[in-house]
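Heads up, the thing below is written out as structure tokens.
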Amino acid sequence: MLKVGFLGGGKMAQALAKGFIRTGLSKGEMMLASCLPNDTGSIETFKEMKSNTVFTNAPVIDHGDVLILSVKPQVVPKVLPEFKIQDNKKLLISIAMGISLASLEKALPKGTPVIRVMPNTPALVGCGATVFARGKNASDKDAEITEKLFSAVGLCEEVPENFIDPVTALASSGPAYIYMIIEAMADGGVKMGLPRPIAYKLAAQTVLGAGTMVRDTNIHPAQLKDDVTSPAGCTIAGIHQLEKCGLRSAIINAVEAATLRCREVNSQA
Ligand SMILES: NC(=O)c1ccc[n+]([C@@H]2O[C@H](COP(=O)([O-])OP(=O)(O)OC[C@H]3O[C@@H](n4cnc5c(N)ncnc54)[C@H](OP(=O)(O)O)[C@@H]3O)[C@@H](O)[C@H]2O)c1
């Protein structure tokens, strides 16, 4: 079991902490998170997991075998100077959007092993999609620990660092796009007479089912779409409307815009 320290105890840290407990990789008592005093919601959530919270980062850095940098990107430059030279043996896993390995390594004591990870919030329910890239001081063992931690909360793959911004735009921002699609599908159902609770339930289950079909059958999504689209049927009538409204372009544009925003954050960091 690992002693995990969360520098920043917000939404993503909570999702990961719950996942690590659920899969037995750590225990609430073995995790420590720093939260700001006014962030009572996060403090309460960690308390429910039996984890302590502190108002400063130094005790978290002292506590963890593995440290997870989970503050907002703009807060990262305030936190990194708190690492002292003697902390340079601890693995730092950064989940901060858009902050490169080079800028993290530059701001940390020389020799600190760093791994840059991009998770997403479905980690909370064991369905995360995570990638990671290792820094110049990270060993195979550090990569193994990272893979173990994040595989426990879903899919986890090592990638070259230049994949991380597009992965952020696709998989980390992606749940927000899908929530909008679920909401819209349910609204469509409601418009056509379905009660709201069943409309949301069916929309969510349909997204889950379609995603599982693509992931587990290895059949191309276009083939799966063709398989449910009969001549003169109702699905092709719906598809025609989606094409007229530019669904594919809208989603491609969203991933492009989110990637460019990640790059912008990185260049400002
Ligand atoms: N949410 C996602 O889906 C997602 C996915 C992938 C990666 N990420 C990355 O994960 C990181 C955290 O995102 P999040 O969504 O979890 O944001 P969040 O909920 O706002 O969490 C950040 C936490 O850090 C706290 N904090 C602020 N200043 C601090 C300081 N000086 N020391 C310690 N803690 C401090 C914040 O407290 P206050 O709220 O009181 O300011 C907040 O609780 C970000 O870098 C983001 O890019 C998020």
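Just remember, in the structure tokens the first chain shown is A, the second B, etc., residues are 1-based per chain, and ligands are 1-based in the order shown.
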
What's the 12 Å shell around Asn162 (chain A), counting only C-alpha atoms, without same-chain residues fewer than 4 positions away, as a short mmCIF file (atom, residue, chain, number, x, y, z; two decimals) with C-alpha atoms, in the first residue's frame?
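Contents of result.cif, as written:
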```
data_model
loop_
_atom_site.label_atom_id
_atom_site.label_comp_id
_atom_site.auth_asym_id
_atom_site.auth_seq_id
_atom_site.Cartn_x
_atom_site.Cartn_y
_atom_site.Cartn_z
CA GLY A 98 -0.60 22.06 -19.91
CA ILE A 99 2.47 22.11 -17.62
CA SER A 100 5.35 20.37 -19.41
CA LEU A 101 7.85 17.97 -17.88
CA ARG A 116 3.24 13.86 -16.18
CA VAL A 131 -2.00 8.57 -20.25
CA PHE A 132 1.41 9.38 -18.82
CA ALA A 133 4.86 10.48 -19.96
CA ARG A 134 7.96 10.15 -17.86
CA GLU A 158 2.38 5.48 -21.57
CA PRO A 166 -4.48 16.40 -27.56
CA VAL A 167 -5.22 13.64 -25.03
CA THR A 168 -6.27 16.32 -22.53
CA THR A 259 -5.71 21.32 -27.51
CA CYS A 262 -3.64 23.53 -23.41
CA ARG A 263 -0.70 24.71 -25.51
CA ASN A 266 1.83 25.63 -21.28
#
```

Within-9 Å residues of ligand 1, basis only C-alpha atoms and all ligand atoms, as a compact mmCIF listing (two decimals) with N, CA and C atoms, in the first residue's frame:
```
# COMPACT_ATOMS: atom_id res chain seq x y z
N PHE A 6 -1.59 14.35 -1.70
CA PHE A 6 -2.21 15.17 -2.75
C PHE A 6 -1.92 16.64 -2.48
N LEU A 7 -1.20 17.27 -3.40
CA LEU A 7 -0.96 18.71 -3.30
C LEU A 7 -2.12 19.38 -4.03
N GLY A 8 -3.15 19.75 -3.28
CA GLY A 8 -4.41 20.21 -3.88
C GLY A 8 -5.42 19.09 -3.76
N GLY A 9 -6.48 19.34 -3.00
CA GLY A 9 -7.44 18.25 -2.73
C GLY A 9 -8.77 18.45 -3.43
N GLY A 10 -8.74 18.96 -4.65
CA GLY A 10 -9.99 19.26 -5.37
C GLY A 10 -10.64 18.04 -5.99
N LYS A 11 -11.42 18.30 -7.03
CA LYS A 11 -12.28 17.26 -7.62
C LYS A 11 -11.48 16.06 -8.14
N MET A 12 -10.40 16.36 -8.87
CA MET A 12 -9.65 15.26 -9.48
C MET A 12 -8.93 14.46 -8.41
N ALA A 13 -8.36 15.15 -7.41
CA ALA A 13 -7.68 14.45 -6.31
C ALA A 13 -8.68 13.54 -5.60
N GLN A 14 -9.88 14.03 -5.37
CA GLN A 14 -10.88 13.22 -4.67
C GLN A 14 -11.26 11.99 -5.50
N ALA A 15 -11.40 12.19 -6.82
CA ALA A 15 -11.76 11.06 -7.69
C ALA A 15 -10.67 9.99 -7.62
N ALA A 33 -3.97 15.22 2.17
CA ALA A 33 -4.21 16.20 1.10
C ALA A 33 -4.12 17.61 1.66
N SER A 34 -3.58 18.52 0.85
CA SER A 34 -3.62 19.93 1.26
C SER A 34 -4.84 20.58 0.61
N CYS A 35 -5.59 21.30 1.44
CA CYS A 35 -6.79 22.00 0.96
C CYS A 35 -6.74 23.40 1.54
N LEU A 36 -7.30 24.36 0.84
CA LEU A 36 -7.35 25.71 1.42
C LEU A 36 -8.42 25.74 2.52
N PRO A 37 -8.23 26.58 3.57
CA PRO A 37 -9.14 26.55 4.71
C PRO A 37 -10.62 26.76 4.33
N ASN A 38 -10.85 27.56 3.26
CA ASN A 38 -12.25 27.83 2.91
C ASN A 38 -12.87 26.72 2.06
N ASP A 39 -12.06 25.71 1.67
CA ASP A 39 -12.57 24.64 0.80
C ASP A 39 -13.17 23.53 1.66
N THR A 40 -14.26 23.86 2.37
CA THR A 40 -14.82 22.93 3.35
C THR A 40 -15.38 21.67 2.69
N GLY A 41 -15.85 21.80 1.46
CA GLY A 41 -16.41 20.64 0.75
C GLY A 41 -15.34 19.57 0.56
N SER A 42 -14.15 19.99 0.09
CA SER A 42 -13.08 19.01 -0.15
C SER A 42 -12.59 18.42 1.18
N ILE A 43 -12.47 19.28 2.19
CA ILE A 43 -12.00 18.80 3.51
C ILE A 43 -12.96 17.72 4.02
N VAL A 54 -4.55 19.10 5.42
CA VAL A 54 -3.77 20.18 6.05
C VAL A 54 -3.92 21.42 5.17
N PHE A 55 -3.60 22.58 5.73
CA PHE A 55 -3.79 23.82 4.99
C PHE A 55 -2.53 24.24 4.20
N THR A 56 -1.42 23.51 4.45
CA THR A 56 -0.17 23.87 3.74
C THR A 56 0.37 22.63 3.02
N ASN A 57 1.31 22.86 2.11
CA ASN A 57 1.80 21.75 1.28
C ASN A 57 2.97 20.99 1.89
N LEU A 69 0.50 16.11 -7.80
CA LEU A 69 0.34 17.56 -7.93
C LEU A 69 -1.00 17.80 -8.61
N SER A 70 -2.00 18.20 -7.79
CA SER A 70 -3.37 18.27 -8.31
C SER A 70 -4.00 19.64 -8.06
N VAL A 71 -3.18 20.67 -8.07
CA VAL A 71 -3.73 22.04 -8.03
C VAL A 71 -3.97 22.51 -9.47
N LYS A 72 -4.71 23.60 -9.62
CA LYS A 72 -4.93 24.18 -10.94
C LYS A 72 -3.59 24.61 -11.54
N PRO A 73 -3.48 24.59 -12.86
CA PRO A 73 -2.18 24.92 -13.47
C PRO A 73 -1.60 26.26 -13.01
N GLN A 74 -2.47 27.27 -12.82
CA GLN A 74 -1.94 28.59 -12.44
C GLN A 74 -1.38 28.62 -11.02
N VAL A 75 -1.72 27.59 -10.21
CA VAL A 75 -1.22 27.53 -8.82
C VAL A 75 0.11 26.76 -8.75
N VAL A 76 0.41 25.98 -9.79
CA VAL A 76 1.62 25.14 -9.78
C VAL A 76 2.89 25.94 -9.43
N LYS A 78 3.33 28.31 -7.54
CA LYS A 78 3.38 28.66 -6.11
C LYS A 78 3.77 27.44 -5.28
N VAL A 79 3.43 26.25 -5.76
CA VAL A 79 3.62 25.04 -4.96
C VAL A 79 5.04 24.45 -5.12
N SER A 94 2.43 14.71 -11.77
CA SER A 94 1.68 15.95 -12.00
C SER A 94 0.49 15.68 -12.91
N ILE A 95 -0.69 16.12 -12.47
CA ILE A 95 -1.86 15.99 -13.35
C ILE A 95 -2.28 17.36 -13.88
N ALA A 96 -1.42 18.38 -13.65
CA ALA A 96 -1.80 19.75 -14.05
C ALA A 96 -1.83 19.90 -15.57
N MET A 97 -2.95 20.40 -16.05
CA MET A 97 -3.12 20.57 -17.49
C MET A 97 -2.08 21.54 -18.06
N GLY A 98 -1.43 21.13 -19.14
CA GLY A 98 -0.60 22.06 -19.91
C GLY A 98 0.77 22.38 -19.33
N ILE A 99 1.15 21.79 -18.20
CA ILE A 99 2.47 22.11 -17.62
C ILE A 99 3.44 20.99 -18.02
N VAL A 117 0.98 13.11 -15.89
CA VAL A 117 -0.16 12.21 -16.11
C VAL A 117 -1.37 13.04 -16.54
N MET A 118 -2.14 12.51 -17.45
CA MET A 118 -3.40 13.17 -17.78
C MET A 118 -4.55 12.19 -17.55
N PRO A 119 -5.24 12.33 -16.42
CA PRO A 119 -6.36 11.44 -16.12
C PRO A 119 -7.69 12.10 -16.52
N ASN A 120 -8.78 11.43 -16.26
CA ASN A 120 -10.09 12.10 -16.36
C ASN A 120 -11.00 11.68 -15.20
N THR A 121 -12.06 12.43 -14.98
CA THR A 121 -12.85 12.20 -13.76
C THR A 121 -13.58 10.84 -13.71
N PRO A 122 -13.88 10.17 -14.84
CA PRO A 122 -14.49 8.84 -14.68
C PRO A 122 -13.60 7.85 -13.91
N THR A 130 -6.45 7.37 -18.87
CA THR A 130 -5.26 8.10 -18.42
C THR A 130 -4.08 7.81 -19.33
N THR A 168 -5.52 15.50 -23.49
CA THR A 168 -6.27 16.32 -22.53
C THR A 168 -7.57 16.79 -23.18
N ALA A 171 -9.72 13.23 -24.01
CA ALA A 171 -10.18 12.33 -22.94
C ALA A 171 -10.45 13.03 -21.61
N SER A 172 -9.70 14.12 -21.31
CA SER A 172 -9.93 14.78 -20.01
C SER A 172 -11.07 15.78 -20.11
N SER A 173 -11.14 16.49 -21.24
CA SER A 173 -12.28 17.38 -21.45
C SER A 173 -13.47 16.58 -22.00
N GLY A 174 -13.18 15.43 -22.60
CA GLY A 174 -14.20 14.64 -23.28
C GLY A 174 -15.46 14.35 -22.47
N PRO A 175 -15.32 13.96 -21.18
CA PRO A 175 -16.56 13.70 -20.44
C PRO A 175 -17.54 14.89 -20.49
N ALA A 176 -17.01 16.10 -20.48
CA ALA A 176 -17.92 17.27 -20.53
C ALA A 176 -18.70 17.29 -21.85
```

request  = Could you find all residues in region 57-151 of chain A that DSSP calls helix (DSSP H, G or I) from the backbone, and write them as an MDAnalysis selection string?
outcome  = chainID A and resid 58:63 73:82 85:87 101:107 121:125 140:151

Hey, what's within 9 Å of Val207 (chain A) if we count only C-alpha atoms and toss same-chain stuff fewer than 3 positions away? As a VMD selection string, please? chain A and resid 178 181 to 182 202 to 204 210 to 212

Notebook entry, point to check: At what distance in Å, to one decimal, does CA of Ile252 (chain A) lie from CA of Ala169 (chain A)?
Noted result: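 Separation of CA of Ala169 (chain A) and CA of Ile252 (chain A): 10.3 Å.
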
| task | List every residue of region 84-141 of chain A that DSSP, applied to the backbone, labels as strand (DSSP E or B), and write the result as a ChimeraX atom specification. | result | /A:91-94,114-118,128-134

Write to file, as a PDB file, in the first residue's frame, the residues of the selection just made, with C-alpha atoms.
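Generated file (result.pdb):
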```pdb
ATOM      1  CA  LEU A  91       8.084  10.550  -7.181  1.00  0.00           C
ATOM      2  CA  LEU A  92       6.037  13.566  -8.232  1.00  0.00           C
ATOM      3  CA  ILE A  93       3.072  12.783 -10.446  1.00  0.00           C
ATOM      4  CA  SER A  94       1.676  15.950 -11.998  1.00  0.00           C
ATOM      5  CA  VAL A 114       8.583  13.476 -12.367  1.00  0.00           C
ATOM      6  CA  ILE A 115       5.821  11.808 -14.332  1.00  0.00           C
ATOM      7  CA  ARG A 116       3.235  13.855 -16.181  1.00  0.00           C
ATOM      8  CA  VAL A 117      -0.162  12.214 -16.112  1.00  0.00           C
ATOM      9  CA  MET A 118      -3.399  13.170 -17.778  1.00  0.00           C
ATOM     10  CA  GLY A 128     -10.814   6.523 -16.222  1.00  0.00           C
ATOM     11  CA  ALA A 129      -8.799   7.093 -19.394  1.00  0.00           C
ATOM     12  CA  THR A 130      -5.264   8.101 -18.424  1.00  0.00           C
ATOM     13  CA  VAL A 131      -1.995   8.573 -20.249  1.00  0.00           C
ATOM     14  CA  PHE A 132       1.410   9.383 -18.823  1.00  0.00           C
ATOM     15  CA  ALA A 133       4.855  10.484 -19.963  1.00  0.00           C
ATOM     16  CA  ARG A 134       7.959  10.151 -17.861  1.00  0.00           C
TER      17      ARG A 134
END
```

- [ ] Extract, using only C-alpha atoms, all DNA, RNA and protein residues at most 9 Å from Thr229 (chain A), discarding same-chain residues fewer than 6 positions from it, and format them as a PyMOL selection string.
- [x] chain A and resi 235-236+239

**Q.** Distance query Glu105 (chain A) at most 8 Å, only C-alpha atoms, self and fewer than 5 positions along chain excluded, as a list in words
**A.**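 Answer for this query is Lys110, Thr112, Val114 and Gly135 of chain A.
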
With N, CA and C atoms retained, export the selected residues as a PDB file, in the first residue's frame.
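Final output, selection-v3.pdb:
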```pdb
ATOM      1  N   LYS A 110      16.995  19.448  -8.281  1.00  0.00           N
ATOM      2  CA  LYS A 110      17.669  18.620  -9.296  1.00  0.00           C
ATOM      3  C   LYS A 110      17.496  17.132  -8.984  1.00  0.00           C
ATOM      4  N   THR A 112      14.756  15.271  -9.191  1.00  0.00           N
ATOM      5  CA  THR A 112      13.419  14.809  -8.783  1.00  0.00           C
ATOM      6  C   THR A 112      12.769  13.996  -9.914  1.00  0.00           C
ATOM      7  N   VAL A 114       9.899  12.883 -12.075  1.00  0.00           N
ATOM      8  CA  VAL A 114       8.583  13.476 -12.367  1.00  0.00           C
ATOM      9  C   VAL A 114       7.898  12.663 -13.458  1.00  0.00           C
ATOM     10  N   GLY A 135       9.452  11.845 -17.046  1.00  0.00           N
ATOM     11  CA  GLY A 135      10.507  12.842 -17.131  1.00  0.00           C
ATOM     12  C   GLY A 135      11.874  12.179 -17.136  1.00  0.00           C
TER      13      GLY A 135
END
```

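Ranking A:Asn218, A:Ser267, A:Asn253, A:Ser51 by their shortest atom-to-atom distance to Ser26 (chain A), with only C-alpha atoms included, puts A:Ser51 first.
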
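From CA of Gly19 (chain A) back to CA of Leu124 (chain A), the distance works out to 5.6 Å.
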
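Take the candidates A:Ser103, A:His240, A:Val214, A:Tyr177 and check each one against Val265 (chain A) using only C-alpha atoms; the shortest distance goes to A:Ser103.
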
Using only C-alpha atoms, the shortest atom-to-atom distance to Lys90 (chain A) among A:Lys148, A:Lys201, A:Lys3, A:Arg22 belongs to A:Lys3
